[in-house]
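Peer 1: Structure file query.txt (compact mmCIF, C-alpha atoms) is given on the next line.
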# COMPACT_ATOMS: atom_id res chain seq x y z
CA GLN A 1 122.29 121.51 110.87
CA VAL A 2 123.57 123.25 107.78
CA ALA A 3 125.54 120.16 106.74
CA ASP A 4 122.31 118.12 106.57
CA MET A 5 120.55 120.53 104.19
CA ARG A 6 119.78 119.16 100.75
CA MET A 7 119.74 121.09 97.50
CA SER A 8 115.94 120.78 97.39
CA ASP A 9 115.73 122.51 100.79
CA VAL A 10 117.81 125.42 99.51
CA VAL A 11 115.75 125.71 96.31
CA LEU A 12 112.41 125.61 98.16
CA PHE A 13 113.61 128.11 100.75
CA ILE A 14 113.67 130.91 98.18
CA PRO A 15 109.95 130.82 97.17
CA SER A 16 108.89 130.07 100.75
CA PHE A 17 110.78 133.06 102.12
CA SER A 18 109.45 135.21 99.27
CA VAL A 19 105.82 134.37 100.13
CA GLY A 20 106.40 135.44 103.74
CA ILE A 21 108.05 138.71 102.73
CA ILE A 22 105.32 139.57 100.20
CA TRP A 23 102.60 138.83 102.76
CA PHE A 24 104.30 141.03 105.35
CA CYS A 25 104.65 143.95 102.93
CA PHE A 26 101.05 143.74 101.66
CA ARG A 27 99.30 142.29 104.72
CA PHE A 28 96.80 145.19 104.79
CA SER A 29 95.75 144.71 101.16
CA SER A 30 92.38 143.22 100.24
CA TRP A 31 94.01 140.17 98.62
CA SER A 32 96.52 139.40 101.38
CA TRP A 33 94.25 136.67 102.76
CA VAL A 34 95.44 134.41 99.92
CA LEU A 35 99.07 134.49 101.06
CA GLN A 36 97.98 134.33 104.69
CA ASP A 37 96.07 131.13 103.99
CA VAL A 38 99.05 129.63 102.14
CA LEU A 39 101.30 130.28 105.14
CA SER A 40 98.65 128.99 107.54
CA PHE A 41 98.13 125.75 105.60
CA CYS A 42 101.90 125.18 105.54
CA LEU A 43 102.09 125.67 109.31
CA CYS A 44 99.23 123.20 109.81
CA ALA A 45 100.84 120.57 107.59
CA ARG A 46 104.18 120.94 109.35
CA ALA A 47 102.61 120.66 112.79
CA ILE A 48 100.67 117.52 111.84
CA VAL A 49 103.80 115.88 110.40
CA GLU A 50 106.10 116.74 113.30
CA LEU A 51 103.72 116.12 116.26
CA LYS A 52 102.41 112.57 116.39
CA PHE A 53 100.50 110.75 119.10
CA VAL A 54 100.86 107.00 119.51
CA ARG A 55 97.79 106.38 121.71
CA PRO A 56 94.22 107.69 121.28
CA LYS A 57 93.66 108.51 124.98
CA PRO A 58 95.99 111.55 125.19
CA VAL A 59 94.45 112.99 122.02
CA VAL A 60 90.92 112.56 123.39
CA ILE A 61 91.97 114.33 126.60
CA LEU A 62 93.64 117.13 124.61
CA LEU A 63 90.56 117.69 122.44
CA SER A 64 88.29 117.72 125.51
CA ALA A 65 90.51 120.26 127.29
CA ALA A 66 90.70 122.43 124.15
CA LEU A 67 86.91 122.33 123.93
CA VAL A 68 86.57 123.71 127.47
CA TYR A 69 89.27 126.31 126.75
CA ASP A 70 87.53 127.52 123.58
CA VAL A 71 84.10 127.70 125.19
CA PHE A 72 85.45 129.75 128.08
CA TRP A 73 87.28 132.35 125.98
CA VAL A 74 84.46 132.76 123.46
CA PHE A 75 81.31 132.61 125.61
CA LEU A 76 82.42 133.29 129.20
CA SER A 77 85.23 135.81 128.71
CA PRO A 78 82.75 138.63 127.85
CA LEU A 79 81.41 138.35 131.39
CA LEU A 80 84.88 139.19 132.73
CA PHE A 81 86.42 141.40 130.02
CA LYS A 82 83.28 142.94 128.41
CA LYS A 83 84.15 141.32 125.07
CA SER A 84 85.05 137.94 123.64
CA VAL A 85 88.82 137.62 124.02
CA MET A 86 89.05 134.83 121.43
CA VAL A 87 87.23 136.85 118.77
CA ALA A 88 89.27 139.97 119.56
CA VAL A 89 92.58 138.13 119.25
CA ALA A 90 91.59 136.28 116.09
CA THR A 91 90.39 139.40 114.30
CA GLY A 92 92.97 141.87 115.57
CA GLU A 93 90.62 143.72 117.93
CA GLY A 94 87.89 143.87 115.26
CA SER A 95 84.54 142.17 114.91
CA SER A 96 84.03 138.61 113.75
CA ASN A 97 82.98 139.89 110.31
CA GLU A 98 86.01 142.06 109.64
CA LYS A 99 89.20 141.07 107.90
CA PRO A 100 92.05 140.45 110.38
CA GLN A 101 94.41 143.41 110.58
CA GLY A 102 98.07 143.29 111.54
CA MET A 103 97.93 139.63 112.61
CA LEU A 104 100.34 136.77 112.18
CA PRO A 105 99.14 133.95 109.89
CA MET A 106 97.41 132.08 112.70
CA LEU A 107 94.02 131.53 111.07
CA ILE A 108 92.35 130.71 107.76
CA ALA A 109 90.45 133.65 106.29
CA PHE A 110 88.07 133.47 103.33
CA PRO A 111 85.80 136.21 102.00
CA ARG A 112 82.09 135.53 102.24
CA ILE A 113 80.42 135.14 98.85
CA ASN A 114 76.98 136.63 98.13
CA ASP A 115 76.65 137.74 101.73
CA TRP A 116 74.95 141.10 102.22
CA ALA A 117 77.01 141.69 105.40
CA GLY A 118 80.31 140.95 103.64
CA GLY A 119 83.29 140.26 105.87
CA MET A 120 85.43 137.15 106.21
CA SER A 121 84.88 133.62 107.42
CA LEU A 122 87.58 132.69 109.93
CA LEU A 123 88.93 129.35 111.13
CA GLY A 124 91.73 129.14 113.68
CA LEU A 125 94.69 126.87 113.05
CA GLY A 126 94.00 125.04 116.29
CA ASP A 127 90.62 124.01 114.87
CA ILE A 128 92.51 122.24 112.08
CA VAL A 129 95.62 120.91 113.84
CA LEU A 130 94.12 119.55 117.08
CA PRO A 131 91.41 117.35 115.48
CA SER A 132 93.96 116.33 112.83
CA PHE A 133 96.07 114.71 115.55
CA LEU A 134 93.24 112.24 116.12
CA VAL A 135 92.41 111.85 112.42
CA SER A 136 96.04 111.13 111.47
CA LEU A 137 96.34 108.70 114.37
CA THR A 138 93.26 106.77 113.19
CA ALA A 139 94.78 106.56 109.71
CA ARG A 140 97.90 105.01 111.23
CA MET A 141 95.72 102.69 113.33
CA ASP A 142 93.93 101.37 110.24
CA VAL A 143 97.20 100.75 108.40
CA ILE A 144 98.80 98.92 111.35
CA ARG A 145 95.73 96.80 112.07
CA THR A 146 94.76 95.86 108.50
CA LYS A 147 98.22 95.92 106.82
CA GLN A 148 96.57 97.91 104.01
CA GLN A 149 96.22 101.51 102.97
CA CYS A 150 93.64 103.42 105.01
CA SER A 151 90.33 104.14 103.28
CA ILE A 152 88.06 107.11 103.77
CA PHE A 153 85.03 104.85 103.33
CA LYS A 154 85.73 102.43 106.19
CA GLY A 155 87.65 102.03 109.42
CA TYR A 156 88.47 104.58 112.08
CA PHE A 157 89.97 107.05 109.62
CA GLY A 158 86.84 107.34 107.50
CA ALA A 159 84.65 107.73 110.57
CA THR A 160 86.73 110.51 112.13
CA MET A 161 86.96 112.31 108.80
CA LEU A 162 83.19 112.20 108.53
CA GLY A 163 82.87 113.39 112.13
CA TYR A 164 85.17 116.33 111.40
CA ALA A 165 83.21 117.27 108.27
CA LEU A 166 79.89 117.15 110.11
CA GLY A 167 81.30 119.16 113.01
CA LEU A 168 82.63 121.84 110.67
CA ALA A 169 79.27 121.99 108.86
CA CYS A 170 77.44 122.44 112.17
CA ALA A 171 79.87 125.20 113.18
CA ASN A 172 79.22 127.09 109.93
CA ILE A 173 75.45 126.76 110.35
CA MET A 174 75.61 128.12 113.89
CA VAL A 175 77.85 131.01 112.77
CA PHE A 176 75.25 131.91 110.13
CA PHE A 177 72.38 132.02 112.64
CA ILE A 178 74.11 133.13 115.85
CA GLY A 179 77.55 134.60 115.15
CA ALA A 180 81.11 133.74 116.16
CA GLN A 181 81.37 130.19 117.45
CA PRO A 182 84.24 128.12 118.91
CA ALA A 183 84.71 125.52 116.18
CA LEU A 184 86.08 122.95 118.62
CA LEU A 185 82.65 122.97 120.29
CA TYR A 186 81.55 120.91 117.29
CA LEU A 187 84.82 119.44 115.96
CA SER A 188 85.96 117.79 119.18
CA PRO A 189 82.67 115.92 119.83
CA GLY A 190 82.40 115.08 116.13
CA THR A 191 85.75 113.28 115.93
CA ILE A 192 85.64 111.73 119.43
CA VAL A 193 82.08 110.41 119.01
CA ALA A 194 82.99 108.96 115.60
CA LEU A 195 85.93 107.11 117.17
CA TYR A 196 83.71 105.90 120.00
CA LEU A 197 80.93 104.60 117.73
CA VAL A 198 83.27 102.56 115.53
CA ALA A 199 85.18 101.15 118.52
CA LYS A 200 81.91 100.33 120.30
CA ARG A 201 80.56 98.53 117.26
CA ARG A 202 83.77 96.49 117.04
CA GLN A 203 83.70 95.87 120.82
CA GLU A 204 87.11 97.54 121.17
CA TRP A 205 86.09 100.39 123.50
CA PRO A 206 87.66 101.38 125.89
CA ALA A 207 90.61 99.01 125.39
CA ILE A 208 91.66 100.80 122.19
CA LEU A 209 92.30 104.04 124.08
CA ASN A 210 95.47 102.70 125.65
CA GLN A 211 96.77 100.72 122.69
CA GLN A 212 100.00 101.99 121.19
CA PHE A 213 100.27 102.64 117.45
CA ASP A 214 103.76 103.97 116.84
CA LYS A 215 105.19 101.93 113.97
CA ILE A 216 103.73 100.82 110.66
CA GLN A 217 105.09 97.32 110.30
CA SER A 218 105.62 95.68 106.95
CA ASN A 219 104.22 92.34 105.89
CA PRO A 220 105.49 89.60 108.24
CA GLY A 221 106.03 87.29 105.26
CA GLU A 222 108.28 89.85 103.62
CA GLU A 223 110.20 90.31 106.87
CA MET A 224 110.71 86.52 107.11
CA GLU A 225 112.00 86.35 103.52
CA VAL A 226 114.45 89.17 104.15
CA ALA A 227 115.65 87.53 107.36
CA THR A 228 116.11 84.18 105.56
CA GLU A 229 118.15 85.81 102.80
CA MET A 230 120.35 87.54 105.37
CA ASP A 231 120.91 84.26 107.23
CA GLU A 232 121.87 82.50 104.00
CA GLU A 233 124.33 85.26 103.09
CA MET A 234 125.90 85.13 106.55
CA ALA A 235 126.18 81.32 106.33
CA ASP A 236 127.88 81.56 102.92
CA GLU A 237 130.34 84.13 104.27
CA ARG A 238 131.14 81.92 107.25
CA GLU A 239 131.64 78.91 104.97
CA GLU A 240 133.96 80.84 102.69
CA SER A 241 135.90 82.13 105.70
CA GLY A 242 136.21 78.59 107.05
CA LEU A 243 137.44 77.21 103.72
CA LEU A 244 139.98 80.01 103.39
CA ALA A 245 141.27 79.35 106.91
CA ASN A 246 141.58 75.61 106.17
CA VAL A 247 143.45 76.28 102.94
CA GLN A 248 145.85 78.64 104.66
CA GLY A 249 146.38 76.21 107.55
CA GLY A 250 146.97 73.28 105.20
CA SER A 251 149.47 75.17 103.09
CA THR A 252 151.38 76.11 106.22
CA GLU A 253 151.55 72.52 107.48
CA ASP A 254 152.49 71.04 104.10
CA SER A 255 155.23 73.50 103.35
CA PRO A 256 158.65 71.98 104.17
CA THR A 257 160.81 73.52 106.83
CA PRO A 258 163.62 75.41 105.15
CA LYS A 259 167.03 73.89 105.74
CA THR A 260 169.92 76.05 106.75
CA ALA A 261 173.10 75.48 104.78
CA PHE A 262 176.34 75.71 106.62
CA ALA A 263 179.50 76.35 104.79
Could you quickly redo this structure as structure tokens?
Peer 2:
Amino acid sequence: QVADMRMSDVVLFIPSFSVGIIWFCFRFSSWSWVLQDVLSFCLCARAIVELKFVRPKPVVILLSAALVYDVFWVFLSPLLFKKSVMVAVATGEGSSNEKPQGMLPMLIAFPRINDWAGGMSLLGLGDIVLPSFLVSLTARMDVIRTKQQCSIFKGYFGATMLGYALGLACANIMVFFIGAQPALLYLSPGTIVALYLVAKRRQEWPAILNQQFDKIQSNPGEEMEVATEMDEEMADEREESGLLANVQGGSTEDSPTPKTAFA
């Protein structure tokens, strides 16, 4: 609603809208990938913030289904449509080495450095957002379970981050040797297997799949102190109200009944 907009929202709207307009006007230029990546990263961040899962099982199912979907449209679609539909859509009907033309900011594009073939390295937004649902959930899991900030060096969050990094590295290696690859073919197993290994080592698999992690609770001791202070304040208010009522009642009883004078 317009009434809920803050001044910061209005101020940030101007540069945000300007980036979109500039990208649209110069989207065929050689440097337009910079603005396209800025818009794409913003979309990813917004999606991760707005869409949150509270249980690991639905995310695991989603990543598994997305893996099958990606594999079909990259490897099996050429058997039906004579070309890879996923590659054609991502590159605007071009090859996997060409810069996307006339496309919405739906992928990350980066020019290849010191590559004799040139071209662009591409990463779809789904390859970032979908695994991030599981990674962000594991970060929330670590905070809820340990009552501390999540660490990249331990816990479920660190393991899934490592799994994502290894999966992305494998995808890049396979692209170098083979060609266009569905990144989720490596990212989905990387994050899911990392979650499985940590849970198995802690003897929490498969029970952890159905556990709900929706709220980050504060320290129970702090909650008890706050509750105690509130009870004390309420008791003081009741005591003051009781004293005031007694004073008013006593003054009414003690006051003499006015006598009526008759002439």
Peer 1: Pick from A:Ala183, A:Val129, A:Ile14, A:Ile192: nearest to Gly163 (chain A), with all atoms listed in the file counted?
Peer 2: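 Looking only at the distances to Gly163 (chain A), the closest residue turns out to be A:Ile192.
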Peer 1: Report the distance between CA of Phe176 (chain A) and CA of Leu80 (chain A) in Å, rounded to one decimal place.
Peer 2: 25.6 Å
Peer 1: Within 10 Å of Lys154 (chain A), counting all atoms listed in the file, which residues qualify if same-chain residues fewer than 5 places away don't, as a PyMOL selection string?
Peer 2: chain A and resi 142+159+198
Peer 1: Restricting the calculation to all atoms listed in the file, which member of A:Leu185, A:Ala139, A:Leu134, A:Ile48 is positioned closest to Gly158 (chain A)?
Peer 2: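 Under the stated criterion, the closest residue is A:Ala139.
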Peer 1: Go through A:Pro58, A:Pro111, A:Pro131, A:Gly119 and flag the residue nearest Ile208 (chain A), using all atoms listed in the file for the distances.
Peer 2: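 Comparing A:Pro58, A:Pro111, A:Pro131, A:Gly119 against Ile208 (chain A), the winner is A:Pro58.
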Peer 1: With all atoms listed in the file as the counted atoms, please give the residues lying no more than 9 Å from Gly167 (chain A), apart from itself and same-chain residues fewer than 2 positions off, as JSON, numbers by chain.
Peer 2: {"A": [162, 163, 164, 165, 169, 170, 171, 172, 183, 184, 185, 186, 187, 188, 189, 190, 191]}
Peer 1: Report the distance between CA of Arg201 (chain A) and CA of Ile144 (chain A) in Å, rounded to one decimal place.
Peer 2: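 Distance reported for this atom pair: 19.2 Å.
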Peer 1: Report, in Å with one decimal, the straight-line distance from CA of Leu130 (chain A) to CA of Ile21 (chain A).
Peer 2: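 Separating CA of Leu130 (chain A) from CA of Ile21 (chain A) is a distance of 27.7 Å.
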